[in-house]
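Notes follow once the structure below has been shown.
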Amino acid sequence: KKGDGDSMAESVPETDYTTRPFSELSSGQQTSTSSEWGYSQSPKADPEPVTAKKGMKLGGSSKKQQIMDKFVSEDNLAPLSAKGNDTSGKAMTPATAAAPVATHPVSLLLEEKVAVTMNREGALELMEIKGTMALVANGDEFSKCKVILAGAKNPLFTYQTHPKVDKKAYEKENILCLKDKNKGFPKGKLGILRWSMNTQDDSQVPISINCWPEDEDGNMNVNVEFNAEGDMELHNVQISIPLGTSNPPEIVSMDTGSHKHNRTNEVLIWDIELIDGQNKTSSLEFNVAQDDADAFFPISVSFGSTHLKAGLDVANILSSENDAPIQFGLAKMLVTDSYQVV
């Protein structure tokens, strides 16, 4: 393991996200796409056909679907939104295909990974978030730059700058720049700031899950309910409920989303495209041939969001030499690392 004194040129590790992360598009000076922040999605094993909530039209042009359609990339690329007047950016779809790279003078990725363990009573046992800000200077003429931060930092987090970043400028002026103003950032994808948080405060979890299995003459009636906390929008939410049997469940009711039964893995998957202020609480009820209440745990949850719990944002990027503004691309994302009800 390398220490804090290692070279600034060390790259931030790439990650293959299987949780279908969602990247933000924000207004800016210039917008294009880049495979720099691309993702791939692991294949699912033999799922049965998706069944939507009664009265829900799959593939229809609902308001929420129209919102999501804005983030569909023609080139299967992850988005890098930029600050400027051109808002023609396209967002990613989970894909593995490489594509030509379109770059900004400077690109930034703000990423958080959240790990949560809750018990069956719905109480939080542990929540951990780790975040990184990575910078890419796409040309020597843009490497001498400084990042002007915005937003109110969450006091629950601890923050640490790279050893070669000016810590005083960060703490006093909310600026990320090199200590040596005569040098520029090295080439490559570089982590310049990281942050972390551990808590057992239930109010901090993005979404909580309650599962109530009840025995009914050798079968189980199961109610699963989610409650979204705060004002975060959660995208591509997937709640995976183990069944302990390949027998298909009988769906009694479902407030929102769609469901599918994976017979091979003996899992019922509840998919919700978007959780926001309109559907912060919903439930799914089903019956299944099962006599063991423990069979329905652990429940796994995955989702993506553009809302960072640390509260960080980027206001501008300026030249370290003359304070001239530099166009930049920005992507923010929070994704699940491990999120379970045990």
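Every chain in the structure tokens has a letter given in the order shown (A, B, ...), and although residue numbers restart at 1 in each chain, ligands are simply numbered from 1 in the order shown.
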
Counting only C-alpha atoms, give me one row per residue of range 206-315 of chain A with an atom at most 12 Å from an atom of range 126-148 of chain A, showing the shortest contact pair and its distance in Å to one decimal, sorted by chain then residue number, as JSON lines.
{"residue": "A:Pro206", "atom": "CA", "partner": "A:Met127", "partner_atom": "CA", "distance": 10.2}
{"residue": "A:Ile207", "atom": "CA", "partner": "A:Met127", "partner_atom": "CA", "distance": 11.6}
{"residue": "A:Ser208", "atom": "CA", "partner": "A:Met127", "partner_atom": "CA", "distance": 11.7}
{"residue": "A:Leu308", "atom": "CA", "partner": "A:Gly131", "partner_atom": "CA", "distance": 8.8}
{"residue": "A:Lys309", "atom": "CA", "partner": "A:Ile129", "partner_atom": "CA", "distance": 8.3}
{"residue": "A:Ala310", "atom": "CA", "partner": "A:Gly131", "partner_atom": "CA", "distance": 8.1}
{"residue": "A:Gly311", "atom": "CA", "partner": "A:Gly131", "partner_atom": "CA", "distance": 11.0}
{"residue": "A:Leu312", "atom": "CA", "partner": "A:Met133", "partner_atom": "CA", "distance": 9.5}
{"residue": "A:Asp313", "atom": "CA", "partner": "A:Ile148", "partner_atom": "CA", "distance": 8.9}
{"residue": "A:Val314", "atom": "CA", "partner": "A:Ile148", "partner_atom": "CA", "distance": 6.1}
{"residue": "A:Ala315", "atom": "CA", "partner": "A:Ile148", "partner_atom": "CA", "distance": 5.5}

*Enumerate, as an MDAnalysis selection string, the complete set of residues in range 211-283 of chain A that a backbone-based DSSP assignment places in strand (DSSP E).*
chainID A and resid 211:216 219:228 234:242 250:254 258:262 267:275 281:283

*Kindly indicate which residue among A:Asn287, A:Ser319, A:Thr306, A:Asn154 lies nearest to Asp217 in chain A, using only C-alpha atoms for the distances.*
A:Asn287

*asked:* One decimal, in Å: what's the spacing between CA of Glu125 in chain A and CA of Trp195 in chain A?
replied: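 The value is 20.8 Å.
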